[in-house]
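Q: Enclosed is the structure file run20.txt (compact mmCIF, C-alpha atoms).
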```
# COMPACT_ATOMS: atom_id res chain seq x y z
CA MET A 1 -30.08 -25.94 30.29
CA LYS A 2 -32.37 -28.52 31.88
CA ILE A 3 -33.67 -31.50 29.86
CA VAL A 4 -36.52 -33.56 31.34
CA VAL A 5 -38.99 -36.21 30.25
CA ASP A 6 -42.19 -34.31 29.53
CA ASP A 7 -45.68 -35.79 29.93
CA LEU A 8 -47.02 -33.26 27.37
CA SER A 9 -49.72 -31.99 29.71
CA GLY A 10 -48.68 -28.34 29.90
CA PRO A 11 -50.08 -25.57 27.71
CA GLU A 12 -46.63 -24.17 26.86
CA ILE A 13 -45.39 -27.42 25.28
CA ALA A 14 -48.74 -27.80 23.49
CA ARG A 15 -48.30 -24.36 21.89
CA PHE A 16 -44.65 -25.07 21.10
CA LEU A 17 -45.53 -28.32 19.31
CA ASP A 18 -48.46 -26.71 17.48
CA GLU A 19 -46.05 -24.06 16.15
CA HIS A 20 -43.77 -26.89 15.00
CA VAL A 21 -46.56 -28.71 13.17
CA GLN A 22 -47.82 -25.49 11.57
CA GLN A 23 -44.31 -24.59 10.41
CA MET A 24 -43.79 -28.06 8.91
CA ARG A 25 -47.13 -27.78 7.11
CA SER A 26 -46.05 -24.45 5.63
CA LEU A 27 -42.78 -25.93 4.34
CA THR A 28 -43.73 -29.43 3.26
CA PRO A 29 -46.57 -30.86 1.19
CA LEU A 30 -49.15 -32.50 3.44
CA GLU A 31 -48.41 -35.99 2.10
CA SER A 32 -44.74 -35.51 3.07
CA LYS A 33 -45.29 -34.03 6.54
CA HIS A 34 -44.30 -36.52 9.22
CA ALA A 35 -44.24 -34.23 12.29
CA LEU A 36 -46.39 -35.76 15.00
CA GLU A 37 -49.16 -33.80 16.67
CA LEU A 38 -49.59 -33.74 20.43
CA ASP A 39 -51.93 -36.75 20.75
CA SER A 40 -49.64 -38.91 18.60
CA LEU A 41 -46.70 -38.02 20.85
CA ARG A 42 -48.56 -39.28 23.92
CA LYS A 43 -48.36 -42.93 22.82
CA PRO A 44 -46.54 -45.41 25.08
CA ASP A 45 -43.90 -46.17 22.43
CA ILE A 46 -42.68 -42.53 22.52
CA THR A 47 -40.44 -40.84 25.08
CA PHE A 48 -40.54 -37.05 24.84
CA TRP A 49 -38.10 -34.54 26.33
CA SER A 50 -38.36 -30.79 26.71
CA ALA A 51 -35.43 -28.47 27.24
CA SER A 52 -35.63 -25.28 29.26
CA ASP A 53 -33.19 -22.48 29.94
CA ASP A 54 -33.81 -20.28 32.96
CA GLY A 55 -37.34 -21.70 33.11
CA ALA A 56 -38.18 -20.92 29.47
CA LEU A 57 -38.98 -23.73 27.01
CA VAL A 58 -36.29 -23.65 24.32
CA GLY A 59 -36.43 -27.05 22.64
CA CYS A 60 -37.79 -30.55 22.48
CA GLY A 61 -37.19 -33.96 20.99
CA ALA A 62 -38.48 -37.51 21.20
CA ILE A 63 -37.77 -41.07 20.29
CA LYS A 64 -40.29 -43.57 19.01
CA ARG A 65 -39.63 -47.26 19.58
CA LEU A 66 -39.74 -49.10 16.24
CA ASP A 67 -38.61 -52.48 17.60
CA ALA A 68 -36.42 -53.81 20.41
CA GLY A 69 -33.22 -52.46 18.87
CA HIS A 70 -34.33 -49.57 16.67
CA ALA A 71 -35.81 -46.17 17.55
CA GLU A 72 -36.74 -43.13 15.50
CA LEU A 73 -35.82 -39.56 16.42
CA LYS A 74 -38.96 -37.38 16.30
CA SER A 75 -40.06 -33.82 17.02
CA MET A 76 -36.64 -32.16 17.25
CA ARG A 77 -37.26 -28.44 17.53
CA THR A 78 -35.48 -25.41 18.90
CA ARG A 79 -37.31 -22.17 19.63
CA PRO A 80 -36.67 -20.07 16.50
CA THR A 81 -35.19 -17.18 18.50
CA ARG A 82 -32.67 -19.60 20.05
CA GLN A 83 -31.55 -21.48 16.92
CA ARG A 84 -27.82 -21.85 16.33
CA SER A 85 -27.11 -21.45 20.05
CA GLY A 86 -26.20 -25.06 20.86
CA ILE A 87 -29.58 -26.14 22.21
CA ALA A 88 -30.18 -28.73 19.48
CA SER A 89 -26.71 -30.22 20.01
CA HIS A 90 -27.24 -30.56 23.76
CA LEU A 91 -30.68 -32.05 23.24
CA LEU A 92 -29.53 -34.50 20.57
CA GLU A 93 -26.57 -35.58 22.68
CA HIS A 94 -28.97 -36.23 25.58
CA ILE A 95 -31.43 -38.19 23.41
CA ILE A 96 -28.67 -40.34 21.91
CA ALA A 97 -27.38 -41.18 25.40
CA GLU A 98 -30.91 -42.00 26.58
CA ALA A 99 -31.56 -44.20 23.52
CA GLN A 100 -28.36 -46.10 24.31
CA ARG A 101 -29.38 -46.42 27.96
CA MET A 102 -32.76 -47.79 26.83
CA GLY A 103 -30.94 -50.52 24.92
CA PHE A 104 -31.47 -49.37 21.34
CA ALA A 105 -28.73 -50.31 18.87
CA ARG A 106 -29.84 -47.95 16.09
CA LEU A 107 -31.41 -44.51 15.87
CA SER A 108 -32.92 -43.30 12.59
CA LEU A 109 -34.74 -40.18 11.47
CA GLU A 110 -36.66 -38.53 8.67
CA THR A 111 -36.15 -34.85 7.94
CA GLY A 112 -36.89 -32.54 5.07
CA ALA A 113 -34.91 -32.47 1.85
CA ALA A 114 -35.46 -28.74 1.20
CA GLU A 115 -32.79 -26.08 1.80
CA PHE A 116 -34.61 -24.99 4.99
CA PHE A 117 -33.65 -28.32 6.60
CA LEU A 118 -29.93 -28.10 5.71
CA PRO A 119 -28.89 -26.94 9.22
CA ALA A 120 -30.74 -29.92 10.70
CA ARG A 121 -29.07 -32.35 8.29
CA ARG A 122 -25.66 -30.86 9.14
CA LEU A 123 -26.39 -31.27 12.85
CA TYR A 124 -27.28 -34.93 12.35
CA GLU A 125 -24.15 -35.49 10.24
CA LYS A 126 -22.07 -33.92 13.04
CA PHE A 127 -23.53 -36.50 15.43
CA GLY A 128 -22.65 -39.47 13.22
CA PHE A 129 -25.87 -39.95 11.28
CA HIS A 130 -25.45 -40.99 7.66
CA TYR A 131 -27.92 -41.03 4.80
CA CYS A 132 -29.94 -44.19 4.31
CA ASP A 133 -32.94 -45.64 2.54
CA PRO A 134 -36.43 -45.16 3.99
CA PHE A 135 -37.03 -47.24 7.12
CA ALA A 136 -40.09 -48.51 9.01
CA ALA A 137 -43.26 -47.45 7.13
CA TYR A 138 -41.61 -44.62 5.17
CA ARG A 139 -41.50 -44.73 1.38
CA PRO A 140 -39.16 -42.89 -0.99
CA ASP A 141 -40.19 -39.23 -1.13
CA PRO A 142 -38.38 -36.34 -2.86
CA ASN A 143 -39.33 -34.11 0.10
CA SER A 144 -37.76 -36.42 2.70
CA THR A 145 -34.23 -37.32 3.70
CA PHE A 146 -33.56 -40.40 5.81
CA MET A 147 -30.59 -40.81 8.13
CA THR A 148 -29.43 -43.41 10.64
CA ARG A 149 -26.62 -44.22 13.03
CA ALA A 150 -25.54 -47.16 15.14
CA LEU A 151 -25.52 -46.58 18.88
```
Translate this structure into structure tokens?

A:
Amino acid sequence: MKIVVDDLSGPEIARFLDEHVQQMRSLTPLESKHALELDSLRKPDITFWSASDDGALVGCGAIKRLDAGHAELKSMRTRPTRQRSGIASHLLEHIIAEAQRMGFARLSLETGAAEFFLPARRLYEKFGFHYCDPFAAYRPDPNSTFMTRAL
């Protein structure tokens, strides 16, 4: 698997992210949907990675700088046909290492509270994330779960 910084200019990643946003909209009330659309991911405070396997896009993830020592994990997604195959673990391991290299001391995330998101929450727990209160501009929301870990 190859993981690279992606400038989000290609049509394949645009479709992949649109599928992600549409899926999140189908699972989560609009006021609780925090998945970023393509233009929001192109901001200078975000670093975005795509993962490919034999040339096929299989996953993505990003970090958003919140302040000098704190970043937020965003846009983690694995191609549905490749879920539970280790892609998310490889990608998350890469992003954590890159966040450390960039000098962040903490990495936090928001994910869904519904049963659908349980595999994601278990993945984050496996990588040392623990449950926390809302951070940054988030507010308490029964549809959201917040997690964080020190780097």

Q: Taking only C-alpha atoms into account, name the residue in A:Glu110, A:Asp7, A:Asp133, A:Glu12 that is nearest to Ser52 (chain A).

A: A:Glu12

Q: Mind listing as an MDAnalysis selection string all residues within 12 Å of (-35.0, -22.7, 7.3), counting only C-alpha atoms?

A: chainID A and resid 23:24 26:28 77:78 80 83:84 112:121

Q: Near His34 (chain A), within 9 Å and counting all atoms listed in the file, which residues show up once chain neighbours fewer than 2 positions away are dropped, as a list of chain:residue names?

A: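 Residues meeting the cut-off are A:Met24, A:Leu30, A:Glu31, A:Ser32, A:Leu36, A:Lys74, A:Glu110, A:Thr111.
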
Q: Report, in Å to a single decimal, how far apart CA of Gly61 (chain A) and CA of Lys126 (chain A) are.

A: 17.1 Å

Q: Go through A:Met1, A:Ala68, A:Ala99, A:Ala137 one by one, measure the shortest atom-to-atom distance of each to Gly86 (chain A) using all atoms listed in the file, and give the residue with the smallest value.

A: A:Met1

Q: Quick one: pull the distance between CA of His20 (chain A) and CA of Ala35 (chain A), Å, one decimal.

A: 7.8 Å

Q: Phe16 (chain A): which residues within 9 Å, counting all atoms listed in the file, same-chain residues fewer than 2 positions away excluded, as a list of chain:residue names?

A: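 Neighbouring residues, sequence-local ones excluded: A:Pro11, A:Glu12, A:Ile13, A:Ala14, A:Asp18, A:Glu19, A:His20, A:Val21, A:Leu57, A:Gly59, A:Cys60, A:Arg77, A:Arg79.
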
Q: Keeping C-alpha atoms, export the residues of the selection given above as an mmCIF file, keeping the file's coordinate frame.

A:
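This is the output file selection_23.cif:
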```
data_model
loop_
_atom_site.group_PDB
_atom_site.id
_atom_site.type_symbol
_atom_site.label_atom_id
_atom_site.label_comp_id
_atom_site.auth_asym_id
_atom_site.auth_seq_id
_atom_site.Cartn_x
_atom_site.Cartn_y
_atom_site.Cartn_z
ATOM 1 C CA PRO A 11 -50.080 -25.570 27.710
ATOM 2 C CA GLU A 12 -46.630 -24.170 26.860
ATOM 3 C CA ILE A 13 -45.390 -27.420 25.280
ATOM 4 C CA ALA A 14 -48.740 -27.800 23.490
ATOM 5 C CA ASP A 18 -48.460 -26.710 17.480
ATOM 6 C CA GLU A 19 -46.050 -24.060 16.150
ATOM 7 C CA HIS A 20 -43.770 -26.890 15.000
ATOM 8 C CA VAL A 21 -46.560 -28.710 13.170
ATOM 9 C CA LEU A 57 -38.980 -23.730 27.010
ATOM 10 C CA GLY A 59 -36.430 -27.050 22.640
ATOM 11 C CA CYS A 60 -37.790 -30.550 22.480
ATOM 12 C CA ARG A 77 -37.260 -28.440 17.530
ATOM 13 C CA ARG A 79 -37.310 -22.170 19.630
#
```

Q: Rounded to one decimal place, report the CA of Pro29 (chain A)-CA of Ile63 (chain A) distance in Å.

A: 23.4 Å

Q: Contacts of Cys132 (chain A) at 7 Å or less, counting all atoms listed in the file, minus same-chain residues fewer than 5 places along, as a VMD selection string?

A: chain A and resid 146 to 148

Q: With all atoms listed in the file as the atoms that count, which of A:Leu123, A:Ala150, A:Leu8, A:Leu41 lies nearest to His90 (chain A)?

A: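 Closest to His90 (chain A), using all atoms listed in the file: A:Leu123.
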
Q: Trp49 (chain A): which residues within 8 Å, counting all atoms listed in the file, same-chain residues fewer than 6 positions away excluded, as a PyMOL selection string?

A: chain A and resi 3-6+60-62

Q: Within 12 Å of (-43.2, -47.3, 27.0) (file coordinates; all atoms listed in the file), which protein or nucleic acid residues are there? I'd like them as an NGL selection string.

A: :A and (41-48 or 63-68 or 102)

Q: Which of these, A:Leu73, A:Leu17, A:Leu109, A:Leu38, has the shortest distance to Ile95 (chain A) once you count only C-alpha atoms?

A: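 Smallest separation from Ile95 (chain A) among the options: A:Leu73.
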
Q: Considering all atoms listed in the file, can you say which of A:Ser50, A:Met76, A:Phe129, A:Pro134 comes closest to Leu92 (chain A)?

A: A:Met76

Q: My list of candidates is A:Ala71, A:Thr81, A:Phe135, A:Gln22. Which is closest to Ile96 (chain A) when distances are computed with only C-alpha atoms?

A: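 Using only C-alpha atoms, Ile96 (chain A) sits closest to A:Ala71.
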